[in-house]
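Novice: Input protein26.txt, format and content: compact mmCIF, C-alpha atoms.
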```txt
# COMPACT_ATOMS: atom_id res chain seq x y z
CA MET A 15 0.00 0.00 0.00
CA HIS A 16 2.80 2.41 0.93
CA ARG A 17 4.59 1.71 -2.36
CA GLU A 18 1.36 2.32 -4.32
CA ARG A 19 0.89 5.73 -2.68
CA VAL A 20 4.49 6.70 -3.37
CA ALA A 21 4.15 5.64 -7.01
CA ALA A 22 0.92 7.61 -7.40
CA ALA A 23 2.46 10.72 -5.85
CA ALA A 24 5.49 10.40 -8.10
CA ALA A 25 3.24 10.14 -11.16
CA VAL A 26 1.41 13.34 -10.18
CA CYS A 27 4.72 15.16 -9.67
CA VAL A 28 5.91 14.07 -13.09
CA LEU A 29 2.66 15.27 -14.67
CA LEU A 30 2.84 18.66 -12.97
CA ALA A 31 6.49 19.01 -13.85
CA GLY A 32 5.61 18.38 -17.48
CA VAL A 33 2.91 21.07 -17.38
CA SER A 34 5.28 23.55 -15.73
CA THR A 35 8.00 22.87 -18.28
CA THR A 36 5.59 23.43 -21.15
CA THR A 37 3.69 26.51 -19.96
CA GLY A 38 5.80 27.93 -17.18
CA GLN A 39 3.04 27.36 -14.64
CA VAL A 40 0.06 25.18 -13.87
CA PRO A 41 -2.94 26.56 -15.81
CA THR A 42 -5.56 28.33 -13.73
CA GLU A 43 -9.21 28.39 -14.71
CA GLY A 44 -10.15 31.88 -15.87
CA ALA A 45 -6.57 33.07 -16.38
CA HIS A 46 -6.36 36.10 -18.64
CA ASN A 47 -3.66 38.32 -20.06
CA ALA A 48 -5.25 41.78 -19.85
CA ASP A 49 -7.14 43.80 -17.26
CA LEU A 50 -10.35 45.03 -18.88
CA SER A 51 -12.11 45.62 -15.57
CA GLY A 52 -13.69 48.94 -14.61
CA VAL A 53 -16.55 51.22 -15.56
CA TRP A 54 -16.56 52.35 -19.18
CA THR A 55 -18.55 54.93 -21.16
CA ASN A 56 -19.04 55.47 -24.89
CA VAL A 57 -16.55 57.42 -26.99
CA ASN A 58 -17.57 58.49 -30.49
CA LEU A 59 -14.75 59.02 -32.95
CA PRO A 60 -14.49 62.37 -34.79
CA GLY A 61 -16.88 62.54 -37.71
CA THR A 62 -19.25 59.88 -36.40
CA ALA A 63 -21.54 61.88 -34.10
CA GLU A 64 -24.22 62.28 -36.78
CA TRP A 65 -24.99 58.54 -36.90
CA ALA A 66 -23.17 56.84 -34.01
CA ILE A 67 -25.98 57.57 -31.54
CA TYR A 68 -28.30 55.23 -33.40
CA THR A 69 -26.28 52.80 -35.55
CA PHE A 70 -22.83 51.28 -36.04
CA SER A 71 -21.72 52.62 -39.43
CA LYS A 72 -22.46 55.51 -41.75
CA ASP A 73 -23.83 53.20 -44.42
CA LEU A 74 -26.43 50.50 -43.96
CA PRO A 75 -25.23 46.90 -44.15
CA GLU A 76 -26.10 44.94 -47.25
CA MET A 77 -29.30 43.03 -46.50
CA THR A 78 -31.00 40.03 -48.04
CA ALA A 79 -34.52 40.35 -49.47
CA TRP A 80 -35.84 38.98 -46.15
CA GLY A 81 -33.82 41.50 -44.17
CA LYS A 82 -34.75 44.46 -46.39
CA ALA A 83 -38.45 43.62 -46.16
CA ARG A 84 -38.31 43.61 -42.37
CA PHE A 85 -36.24 46.80 -42.34
CA ASP A 86 -38.71 48.62 -44.61
CA ALA A 87 -41.70 47.51 -42.56
CA ALA A 88 -40.25 48.65 -39.22
CA LYS A 89 -40.99 52.00 -37.59
CA PRO A 90 -37.89 53.12 -35.64
CA GLN A 91 -37.98 56.16 -33.39
CA ARG A 92 -34.45 57.24 -34.30
CA GLY A 93 -32.64 57.97 -37.55
CA PRO A 94 -33.78 59.28 -40.94
CA ARG A 95 -37.02 57.29 -40.77
CA GLY A 96 -37.77 58.20 -37.16
CA VAL A 97 -41.38 58.42 -35.98
CA ALA A 98 -42.92 59.58 -32.71
CA VAL A 99 -42.65 57.33 -29.66
CA ALA A 100 -46.39 56.66 -29.83
CA GLU A 101 -46.00 55.31 -33.38
CA THR A 102 -42.83 53.24 -33.10
CA ASP A 103 -42.77 49.45 -33.03
CA ASP A 104 -39.38 49.44 -31.31
CA LEU A 105 -39.80 47.05 -28.37
CA VAL A 106 -37.19 48.91 -26.32
CA TYR A 107 -39.82 51.62 -25.81
CA LYS A 108 -41.90 48.94 -24.08
CA CYS A 109 -38.91 48.12 -21.88
CA TYR A 110 -37.89 44.87 -23.56
CA PRO A 111 -34.11 44.20 -23.64
CA PRO A 112 -32.29 45.87 -26.56
CA GLY A 113 -30.24 42.77 -27.38
CA THR A 114 -26.61 42.47 -28.38
CA PRO A 115 -24.90 44.37 -30.02
CA ARG A 116 -27.52 47.13 -29.77
CA ILE A 117 -26.92 47.47 -26.02
CA TYR A 118 -23.58 49.11 -26.88
CA ILE A 119 -25.35 52.08 -28.49
CA HIS A 120 -27.32 53.03 -25.39
CA PRO A 121 -25.83 56.16 -23.74
CA PHE A 122 -25.23 54.57 -20.35
CA PRO A 123 -22.01 53.17 -18.84
CA MET A 124 -21.16 49.53 -18.35
CA GLU A 125 -18.88 47.76 -15.88
CA ILE A 126 -16.62 44.82 -16.69
CA ILE A 127 -15.79 42.39 -13.89
CA GLN A 128 -13.31 39.55 -14.51
CA LEU A 129 -13.75 36.37 -12.50
CA PRO A 130 -12.25 32.88 -12.76
CA GLY A 131 -13.94 31.28 -15.75
CA ARG A 132 -16.26 34.22 -16.38
CA VAL A 133 -16.35 37.86 -17.48
CA LEU A 134 -19.36 39.92 -16.45
CA MET A 135 -20.67 42.95 -18.32
CA ILE A 136 -23.03 44.94 -16.08
CA PHE A 137 -24.94 47.55 -18.05
CA GLU A 138 -26.46 50.49 -16.22
CA TYR A 139 -29.34 50.52 -18.72
CA ASP A 140 -32.11 48.45 -17.16
CA HIS A 141 -29.49 46.71 -14.99
CA LEU A 142 -28.83 44.13 -17.70
CA VAL A 143 -26.10 41.58 -16.96
CA ARG A 144 -24.22 39.70 -19.66
CA GLN A 145 -22.25 36.61 -18.62
CA ILE A 146 -19.36 35.60 -20.86
CA TYR A 147 -18.05 32.15 -19.91
CA THR A 148 -14.31 31.62 -20.40
CA ASP A 149 -13.96 28.21 -18.75
CA GLY A 150 -13.80 26.22 -21.97
CA ARG A 151 -17.45 25.23 -22.18
CA GLU A 152 -19.40 25.02 -25.45
CA HIS A 153 -22.63 26.81 -26.29
CA ARG A 154 -25.55 25.22 -24.53
CA THR A 155 -27.97 23.24 -26.66
CA ASP A 156 -30.88 23.30 -24.21
CA LEU A 157 -31.53 27.05 -24.31
CA ALA A 158 -34.45 28.74 -26.02
CA PRO A 159 -33.53 31.73 -28.22
CA SER A 160 -32.87 34.71 -25.96
CA TRP A 161 -32.71 38.51 -26.06
CA MET A 162 -28.99 38.89 -25.29
CA GLY A 163 -27.74 35.54 -26.58
CA ASP A 164 -25.45 32.86 -25.15
CA ALA A 165 -21.89 34.25 -24.89
CA ILE A 166 -18.77 32.06 -24.81
CA GLY A 167 -15.30 33.62 -24.67
CA HIS A 168 -11.61 32.79 -24.75
CA TRP A 169 -8.38 34.76 -24.55
CA GLU A 170 -6.04 35.27 -27.48
CA GLY A 171 -3.12 37.04 -25.87
CA LYS A 172 -4.51 40.32 -24.49
CA THR A 173 -7.73 40.11 -26.51
CA LEU A 174 -10.96 38.62 -25.19
CA VAL A 175 -12.71 36.90 -28.10
CA VAL A 176 -16.44 36.40 -27.55
CA GLU A 177 -18.80 34.37 -29.72
CA THR A 178 -22.49 34.85 -29.03
CA ALA A 179 -25.34 32.85 -30.55
CA GLN A 180 -28.86 31.58 -29.82
CA PHE A 181 -30.60 34.94 -30.20
CA ASN A 182 -34.30 35.41 -30.71
CA ASP A 183 -35.29 37.63 -33.66
CA LYS A 184 -37.32 40.15 -31.66
CA THR A 185 -34.57 42.77 -31.36
CA TRP A 186 -32.90 45.04 -33.91
CA LEU A 187 -29.17 45.30 -34.39
CA ASP A 188 -29.33 49.06 -33.87
CA ARG A 189 -31.85 51.83 -33.19
CA ILE A 190 -32.89 52.30 -36.83
CA ALA A 191 -34.31 48.79 -37.28
CA VAL A 192 -31.58 46.79 -39.04
CA PRO A 193 -33.00 43.30 -38.42
CA HIS A 194 -31.52 39.92 -37.64
CA SER A 195 -32.78 36.36 -37.52
CA GLU A 196 -32.32 33.55 -35.01
CA GLU A 197 -29.35 32.43 -37.14
CA MET A 198 -27.30 35.49 -36.15
CA LYS A 199 -23.87 35.00 -34.65
CA LEU A 200 -21.90 37.87 -33.12
CA THR A 201 -18.10 37.75 -32.79
CA GLU A 202 -16.38 40.37 -30.61
CA ARG A 203 -12.69 41.07 -30.08
CA ILE A 204 -12.37 43.14 -26.90
CA HIS A 205 -9.03 44.73 -26.06
CA LEU A 206 -7.27 47.91 -24.92
CA ASN A 207 -5.99 50.00 -27.82
CA ASP A 208 -2.93 52.26 -27.91
CA GLN A 209 -4.95 55.17 -26.47
CA GLY A 210 -5.97 53.13 -23.44
CA GLN A 211 -9.53 52.88 -24.70
CA LEU A 212 -11.61 49.74 -24.55
CA GLN A 213 -12.07 48.78 -28.20
CA ILE A 214 -14.68 46.24 -29.25
CA ASP A 215 -14.33 45.03 -32.84
CA MET A 216 -17.51 43.26 -33.90
CA ARG A 217 -18.68 41.09 -36.77
CA VAL A 218 -22.31 40.10 -37.31
CA ASP A 219 -22.95 37.00 -39.43
CA ASP A 220 -26.55 36.28 -40.38
CA PRO A 221 -27.23 34.51 -43.70
CA ILE A 222 -30.98 35.10 -43.33
CA ALA A 223 -30.92 38.89 -42.80
CA LEU A 224 -27.55 40.07 -44.12
CA ALA A 225 -26.12 39.52 -47.61
CA LYS A 226 -22.63 39.69 -46.12
CA PRO A 227 -21.14 40.12 -42.61
CA TRP A 228 -21.45 43.55 -41.00
CA GLU A 229 -18.24 44.66 -39.29
CA PHE A 230 -17.77 47.69 -37.03
CA SER A 231 -16.11 48.86 -33.80
CA ARG A 232 -17.13 50.73 -30.66
CA TYR A 233 -14.88 52.57 -28.23
CA TYR A 234 -15.06 53.32 -24.51
CA ARG A 235 -13.08 55.41 -22.03
CA LYS A 236 -12.54 54.39 -18.43
CA THR A 237 -14.25 56.40 -15.68
CA ASP A 238 -14.34 56.54 -11.88
CA TRP A 239 -18.11 56.24 -11.89
CA THR A 240 -20.28 53.64 -10.23
CA ILE A 241 -23.16 51.81 -11.90
CA ASP A 242 -26.40 53.29 -10.59
CA GLU A 243 -29.84 51.75 -10.56
CA LEU A 244 -31.77 52.42 -13.74
CA MET A 245 -34.90 50.38 -14.27
CA CYS A 246 -36.61 51.00 -17.58
CA VAL A 247 -40.17 51.06 -16.24
CA ASP A 248 -39.20 53.67 -13.62
CA ASN A 249 -36.72 55.90 -15.42
CA ALA A 250 -37.43 55.73 -19.15
CA THR A 251 -40.43 58.04 -19.45
CA TYR A 252 -40.08 58.27 -23.21
CA THR A 253 -43.36 59.92 -24.21
CA PRO A 254 -43.36 62.76 -21.61
CA PHE A 255 -39.72 63.50 -22.47
CA GLU A 256 -40.50 63.63 -26.18
CA ASP A 257 -43.50 65.90 -25.52
CA ALA A 258 -41.33 68.24 -23.46
CA LEU A 259 -38.82 68.49 -26.30
CA LEU A 260 -41.51 69.21 -28.86
CA GLU A 261 -43.08 71.90 -26.69
CA PHE A 262 -39.77 73.59 -25.84
CA ASP A 263 -39.50 76.96 -27.64
CA GLY A 264 -36.23 78.20 -26.21
CA GLU A 265 -37.64 81.37 -24.65
CA GLY A 266 -35.55 82.70 -21.78
CA GLU A 267 -32.47 80.76 -22.93
CA GLU A 268 -29.25 82.58 -23.70
```
Any chance you could give the structure as structure tokens?
Specialist:
Amino acid sequence: MHRERVAAAAAVCVLLAGVSTTTGQVPTEGAHNADLSGVWTNVNLPGTAEWAIYTFSKDLPEMTAWGKARFDAAKPQRGPRGVAVAETDDLVYKCYPPGTPRIYIHPFPMEIIQLPGRVLMIFEYDHLVRQIYTDGREHRTDLAPSWMGDAIGHWEGKTLVVETAQFNDKTWLDRIAVPHSEEMKLTERIHLNDQGQLQIDMRVDDPIALAKPWEFSRYYRKTDWTIDELMCVDNATYTPFEDALLEFDGEGEE
């Protein structure tokens, strides 16, 4: 019995020694090579302010016939085809989740928290939480299509690569009604750029809605803020705010 225990211990030591020789250390679940943690807020690049508040690129993506039909039938509240809040069919104005990647357009900060095997994105808007699993698991096959999708990530050097799938088709990709289907897959490459900004390079693949992949990037600067409570049904009084803007005549302003 004593000899068996010694042999087993020796075998474990040899195995660990082999791992250390190969990688320099024993792998740790959730290990990462960059610190992306903190509270981040949107940064719009020069020349993008005109459209960046409601979409991801100056030009529309190339859509399929299915996608174009859904786009034409939609009634967004923002953008060149914008209608009044009372007329829009944008589900966000009924406090449904905006989906991914549209959540990145909303003008509220987000916090990134890195944990072993998981990266959390906590969005101030409606207190939405996105869990990105980095523990080597595959996409689940028992999930119904969801608003924010099922996110699986891995590290490539200092870049967090996230692949998200299993979306429902109830959300838009942006605020001007670019559609997607349940076949959509979103790939993100999240890293710190040379300016110290959080840069998220994204690619949307959807053979049902898009004639070719739509690629774009968003940028964030780090802040010393905290994430406050913002619940859509309490804070997002869209119609009264729109009415106040329409009734404002500027009298008394300098």
Novice: Which one of A:Glu202, A:Asp86, A:Asp49, A:Asp156 sits closest to A:Ser231 if you count all atoms listed in the file?
Specialist: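 Among the listed residues, the smallest separation from A:Ser231 belongs to A:Glu202.
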Novice: Using only C-alpha atoms, determine which residues lie at most 10 Å from stretch 171-181 of chain A, disregarding the query and same-chain residues fewer than 5 positions distant; provide the list as a PyMOL selection string.
Specialist: chain A and resi 46-50+113-115+133+146-148+153-155+157-166+194-206+213-218
Novice: Could you tell me which of A:Gln209, A:Thr55, A:Thr237, A:Thr62 comes closest to A:Tyr139 if we count only C-alpha atoms?
Specialist: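 Closest candidate: A:Thr55.
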Novice: Go through A:Glu261, A:Asp73, A:Asp104, A:Glu64 and flag the residue nearest A:Glu229, using all atoms listed in the file for the distances.
Specialist: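 The shortest atom-to-atom distance to A:Glu229 comes from A:Asp73.
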Novice: I'd like the neighbourhood of A:His120 as number ranges by chain, where a residue qualifies if any of its atoms comes within 10 Å (using only C-alpha atoms), though same-chain residues fewer than 6 positions away should be ignored.
Specialist: A: 55-56, 67-68, 112, 137-139, 188-189
Novice: Using only C-alpha atoms, find the one residue out of A:Arg84, A:Thr69, A:Glu76, A:Thr240 that sits nearest to A:Pro227.
Specialist: A:Glu76
Novice: Between atom CA of A:Tyr107 and atom CA of A:Pro90, what is the distance in Å, rounded to a tenth?
Specialist: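 Between atom CA of A:Tyr107 and atom CA of A:Pro90 the gap is 10.1 Å.
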Novice: In Å, how far is it from atom CA of A:Arg235 to atom CA of A:Pro111?
Specialist: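 These two atoms are separated by 23.9 Å.
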Novice: Write out as a list in words each polymer residue whose atoms come within 9 Å of A:Leu134, counting all atoms listed in the file; drop sequence neighbours fewer than 6 positions from it.
Specialist: Glu125, Ile126, Ile127, Gln128, Val143, Arg144, Gln145, Ile146 and Tyr147 of chain A
Novice: What's the separation between atom CA of A:Ala63 and atom CA of A:Arg232, in Å to one decimal place?
Specialist: 12.5 Å
Novice: Could you please give me, as a PyMOL selection string, the residues of protein, DNA or RNA lying at most 6 Å from (-15.5, 50.5, -15.5) in the coordinate frame of the file, considering all atoms listed in the file?
Specialist: chain A and resi 51-54+125-126+236
Novice: Would you compute the box with edges along x, y and z of the file around stretch 114-133 of chain A, including every atom the file lists for it and 6 Å extra on each side, and give its centre and edge lengths in Å to one decimal, as AutoDock Vina command-line options?
Specialist:
```
--center_x -19.9 --center_y 43.7 --center_z -21.3 --size_x 27.3 --size_y 36.9 --size_z 29.5
```
Novice: Rank nothing, just name the residue among A:Lys72, A:Lys108, A:Arg132, A:Arg116 nearest to A:Thr185, using only C-alpha atoms.
Specialist: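 That would be A:Arg116, the residue with the smallest distance to A:Thr185.
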Novice: Just checking: using only C-alpha atoms, which residue out of A:Met124, A:Pro254, A:Gly61, A:Pro130 ends up closest to A:Leu212?
Specialist: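 So, comparing all the options, the nearest one is A:Met124.
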Novice: Excluding A:Glu101 and any residue of its chain fewer than 5 positions from it, enumerate the residues within 10 Å of it, using all atoms listed in the file, and give them as a list in words.
Specialist: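 Counting all atoms listed in the file, the residues come to Lys89, Pro90, Gln91 and Gly96 of chain A.
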Novice: How about saving the chosen residues, C-alpha atoms kept, as an mmCIF file, in the frame of the given file?
Specialist:
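Once written, out39.cif looks like this:
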```cif
data_model
loop_
_atom_site.group_PDB
_atom_site.id
_atom_site.type_symbol
_atom_site.label_atom_id
_atom_site.label_comp_id
_atom_site.auth_asym_id
_atom_site.auth_seq_id
_atom_site.Cartn_x
_atom_site.Cartn_y
_atom_site.Cartn_z
ATOM 1 C CA LYS A 89 -40.990 52.000 -37.590
ATOM 2 C CA PRO A 90 -37.890 53.120 -35.640
ATOM 3 C CA GLN A 91 -37.980 56.160 -33.390
ATOM 4 C CA GLY A 96 -37.770 58.200 -37.160
#
```
Novice: Would you fill out stretch 224-235 of chain A with all heavy atoms and return it as a short mmCIF file (atom, residue, chain, number, x, y, z; two decimals), in the coordinates of the input?
Specialist:
```cif
data_model
loop_
_atom_site.label_atom_id
_atom_site.label_comp_id
_atom_site.auth_asym_id
_atom_site.auth_seq_id
_atom_site.Cartn_x
_atom_site.Cartn_y
_atom_site.Cartn_z
N LEU A 224 -28.62 39.28 -43.53
CA LEU A 224 -27.55 40.07 -44.12
C LEU A 224 -26.93 39.35 -45.31
O LEU A 224 -26.61 38.16 -45.23
CB LEU A 224 -26.47 40.36 -43.07
CG LEU A 224 -26.91 41.10 -41.81
CD1 LEU A 224 -25.73 41.28 -40.86
CD2 LEU A 224 -27.54 42.45 -42.15
N ALA A 225 -26.72 40.10 -46.41
CA ALA A 225 -26.12 39.52 -47.61
C ALA A 225 -24.64 39.23 -47.41
O ALA A 225 -24.07 38.37 -48.08
CB ALA A 225 -26.32 40.46 -48.80
N LYS A 226 -24.02 39.95 -46.48
CA LYS A 226 -22.63 39.69 -46.12
C LYS A 226 -22.42 40.16 -44.69
O LYS A 226 -23.24 40.94 -44.17
CB LYS A 226 -21.66 40.38 -47.08
CG LYS A 226 -21.76 41.89 -47.10
CD LYS A 226 -20.76 42.45 -48.11
CE LYS A 226 -20.79 43.98 -48.13
NZ LYS A 226 -19.82 44.53 -49.12
N PRO A 227 -21.36 39.72 -44.01
CA PRO A 227 -21.14 40.12 -42.61
C PRO A 227 -21.04 41.64 -42.47
O PRO A 227 -20.55 42.34 -43.35
CB PRO A 227 -19.82 39.44 -42.25
CG PRO A 227 -19.73 38.28 -43.19
CD PRO A 227 -20.35 38.75 -44.47
N TRP A 228 -21.53 42.12 -41.34
CA TRP A 228 -21.45 43.55 -41.00
C TRP A 228 -20.38 43.69 -39.93
O TRP A 228 -20.47 43.09 -38.86
CB TRP A 228 -22.80 44.03 -40.48
CG TRP A 228 -22.93 45.52 -40.34
CD1 TRP A 228 -22.11 46.48 -40.89
CD2 TRP A 228 -23.93 46.23 -39.61
NE1 TRP A 228 -22.56 47.73 -40.56
CE2 TRP A 228 -23.67 47.61 -39.77
CE3 TRP A 228 -25.03 45.84 -38.84
CZ2 TRP A 228 -24.47 48.60 -39.18
CZ3 TRP A 228 -25.82 46.81 -38.26
CH2 TRP A 228 -25.56 48.18 -38.43
N GLU A 229 -19.35 44.48 -40.21
CA GLU A 229 -18.24 44.66 -39.29
C GLU A 229 -18.13 46.12 -38.86
O GLU A 229 -18.24 47.02 -39.69
CB GLU A 229 -16.93 44.19 -39.94
CG GLU A 229 -16.93 42.71 -40.28
CD GLU A 229 -15.60 42.25 -40.86
OE1 GLU A 229 -15.44 42.36 -42.09
OE2 GLU A 229 -14.76 41.80 -40.08
N PHE A 230 -17.86 46.33 -37.58
CA PHE A 230 -17.77 47.69 -37.03
C PHE A 230 -17.08 47.62 -35.67
O PHE A 230 -16.84 46.54 -35.13
CB PHE A 230 -19.16 48.32 -36.90
CG PHE A 230 -20.18 47.40 -36.28
CD1 PHE A 230 -20.27 47.24 -34.91
CD2 PHE A 230 -21.05 46.68 -37.09
CE1 PHE A 230 -21.20 46.38 -34.34
CE2 PHE A 230 -21.99 45.81 -36.54
CZ PHE A 230 -22.07 45.68 -35.17
N SER A 231 -16.78 48.79 -35.10
CA SER A 231 -16.11 48.86 -33.80
C SER A 231 -16.78 49.92 -32.94
O SER A 231 -17.35 50.90 -33.45
CB SER A 231 -14.62 49.22 -33.96
OG SER A 231 -13.94 48.23 -34.71
N ARG A 232 -16.70 49.72 -31.64
CA ARG A 232 -17.13 50.73 -30.66
C ARG A 232 -15.99 50.96 -29.69
O ARG A 232 -15.17 50.08 -29.44
CB ARG A 232 -18.37 50.26 -29.90
CG ARG A 232 -19.60 50.07 -30.75
CD ARG A 232 -20.15 51.35 -31.34
NE ARG A 232 -20.89 52.13 -30.37
CZ ARG A 232 -21.65 53.18 -30.70
NH1 ARG A 232 -21.75 53.55 -31.96
NH2 ARG A 232 -22.29 53.86 -29.79
N TYR A 233 -15.98 52.16 -29.09
CA TYR A 233 -14.88 52.57 -28.23
C TYR A 233 -15.43 53.12 -26.91
O TYR A 233 -16.49 53.75 -26.88
CB TYR A 233 -14.03 53.63 -28.92
CG TYR A 233 -13.48 53.19 -30.26
CD1 TYR A 233 -14.24 53.29 -31.42
CD2 TYR A 233 -12.20 52.65 -30.36
CE1 TYR A 233 -13.75 52.86 -32.64
CE2 TYR A 233 -11.70 52.22 -31.58
CZ TYR A 233 -12.48 52.33 -32.72
OH TYR A 233 -12.00 51.91 -33.93
N TYR A 234 -14.66 52.88 -25.84
CA TYR A 234 -15.06 53.32 -24.51
C TYR A 234 -13.86 53.90 -23.77
O TYR A 234 -12.73 53.46 -23.97
CB TYR A 234 -15.61 52.15 -23.69
CG TYR A 234 -16.91 51.59 -24.20
CD1 TYR A 234 -16.93 50.71 -25.27
CD2 TYR A 234 -18.12 51.96 -23.63
CE1 TYR A 234 -18.13 50.20 -25.76
CE2 TYR A 234 -19.32 51.45 -24.10
CZ TYR A 234 -19.31 50.58 -25.17
OH TYR A 234 -20.49 50.09 -25.65
N ARG A 235 -14.12 54.88 -22.92
CA ARG A 235 -13.08 55.41 -22.03
C ARG A 235 -13.41 55.01 -20.60
O ARG A 235 -14.58 54.88 -20.22
CB ARG A 235 -12.96 56.92 -22.15
CG ARG A 235 -14.18 57.71 -21.72
CD ARG A 235 -13.94 59.21 -21.78
NE ARG A 235 -15.15 59.95 -21.46
CZ ARG A 235 -15.54 60.26 -20.22
NH1 ARG A 235 -14.79 59.88 -19.18
NH2 ARG A 235 -16.65 60.94 -20.01
#
```
